[in-house]
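Undergrad: Here it is, the structure, as structure tokens.
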Protein chains: 2
Amino acid sequence: MFNREIADLRSGKPIMIFDFKDREGETDLVIPSQFVNTEIIRFFRKQGGGLICTTMKEEIARTLHLPFLDDLYRKFLYQGTRLADASDMKYDKTSSFTVTINHRDTFTGVSDHDRSKTINEFSNFISEMKQLKNDPGVEFSKRFRSPGHVILLIAREGYFSVRKGHTELSTYMVEKAGLIPSATIVETLSDSGKSMSRDEAMEFARSNKLNFIDGSDIVSEWLEDESNGIGSIRYNTPGAYTLSQGIKKIG
Amino acid sequence: MFNREIADLRSGKPIMIFDFKDREGETDLVIPSQFVNTEIIRFFRKQGGGLICTTMKEEIARTLHLPFLDDLYRKFLYQGTRLADASDMKYDKTSSFTVTINHRDTFTGVSDHDRSKTINEFSNFISEMKQLKNDPGVEFSKRFRSPGHVILLIAREGYFSVRKGHTELSTYMVEKAGLIPSATIVETLSDSGKSMSRDEAMEFARSNKLNFIDGSDIVSEWLEDESNGIGSIRYNTPGAYTLSQGIKKIG
């Protein structure tokens, strides 16, 4: 399954992923972070229009000590428990947001060139992490500055057993393609003032010759991989791990 | 000075502000947050292309206990001091970023409708703050959720005596127009992969019939207001205040 889409991802061509009718009901443009370039950023901002975000797997975030912002805010902001309370959120109960970054060799960080550079370097960094002699968290802070203009997201460990957002859907697909497991994604917005409907997004996909996948098919594929034990994806420590250890212990 | 631009702002028409040749060299689209609507968000994301951000004055942030992210990260993130170190930043030494928010009555938060709603409600909130019987920080956390899709910025107290970024330039202009002191801004990006040059931005302004101002003229006007003691803007506590008290005390 997904032979065309996997081939697209491997060749650096974006695909589109709709999540679920009973979730956001949004379709994101998705590309492996290693293939982002200035044209992709321009296409994503002009034709997508949402927030351009770059994902990583939770195990990477943990190694880098990058927390979910929900956790950080709950712990350290005034009224943080209430402010980060997402129990009234209409499509999920958790967000994927972690910090924003700029690569230190960018200028303001926001131009297509600068965002592309930050995202490529982040992807490179992930692929090099295991070879690093230094603490990856230290090395990360030497190469990147935060806050910045590229929004990082963390795909929950255990993928769809934990969360079924675009963060997980896109990261899983990129990992399944055997690429550096980081996707760069953007929500597709409509001129109506709403997000593109599934029909609008499919029409957009047709007119831009992009392949389109439903999140439900991705989850089915994942379930099959899991049950066969032949999935490309292995988890070291499944379970409801939260990244609170990413936050500095003080006091 | 700025009669046309003040009239534009009061009528809900965007203006363009270039900062400085020796700073970012970027031009932002600027509109008072109270006049943001879905068409404005669409125009900003399609024609601007950078990050759509909403500003507040530092005294508002302090009342709401919203910290500068630099401070928050330095204190609480692993390697935070190094990660938030901006001494190698090429155009300034501090950023304006604070938390991102969604109004609680939005859906995913990212559509033109949802971002417009969040920004309008934030502006309303600022104008109502003084009448609130409850702690504004508590009320804020009841109306807004964080993290979200609208990026908030804090204009440094003391304006250009402290920082000369688009955050300060735009907030000053909106306050000078006698409006709720919150601007919504976006960087204008070029198809070249860079930010628009001053010439490109002036051409964009001409073709969109928008007025264009140089940051240096805004700073001159501010200096004149200050020296005459007739400026519309008064500071309660000038000086290099940082928002570290916005961060919850723990331990």
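Ordering of the structure tokens sets the chain letters (A, B, ...); residue numbers start at 1 within each chain; ligands are numbered from 1 in the order shown.
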Please determine the contact residues of chain A with respect to chain B at a cut-off of 7 Å, counting only C-alpha atoms, and supply them as an MDAnalysis selection string.
TA: chainID A and resid 24 38 45:46 49:50 65 69:70 76:79 82:85 90 107:108 110:113 137:138 141 144:147 189 193:195 246:248 250:251
Undergrad: If we count only C-alpha atoms, what is near stretch 200-211 of chain B at a cut-off of 8 Å, once residues fewer than 3 positions away on the same chain are taken out, given as number ranges by chain?
TA: B: 4-5, 14-16, 27, 188, 190, 196-197
Undergrad: Hey, what does DSSP flag as alpha helix (DSSP H) within stretch 113-240 of chain B? Can you give it to me as a PyMOL selection string?
TA: chain B and resi 113-128+136-143+166-176+198-207+215-228
Undergrad: So how far away is atom CA of B:Val36 from atom CA of B:Phe18, in Å?
TA: 20.5 Å
Undergrad: To one decimal in Å, tell me the separation between atom CA of B:Lys57 and atom CA of B:Ile154.
TA: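 Atom-to-atom, atom CA of B:Lys57 to atom CA of B:Ile154, that is 5.8 Å.
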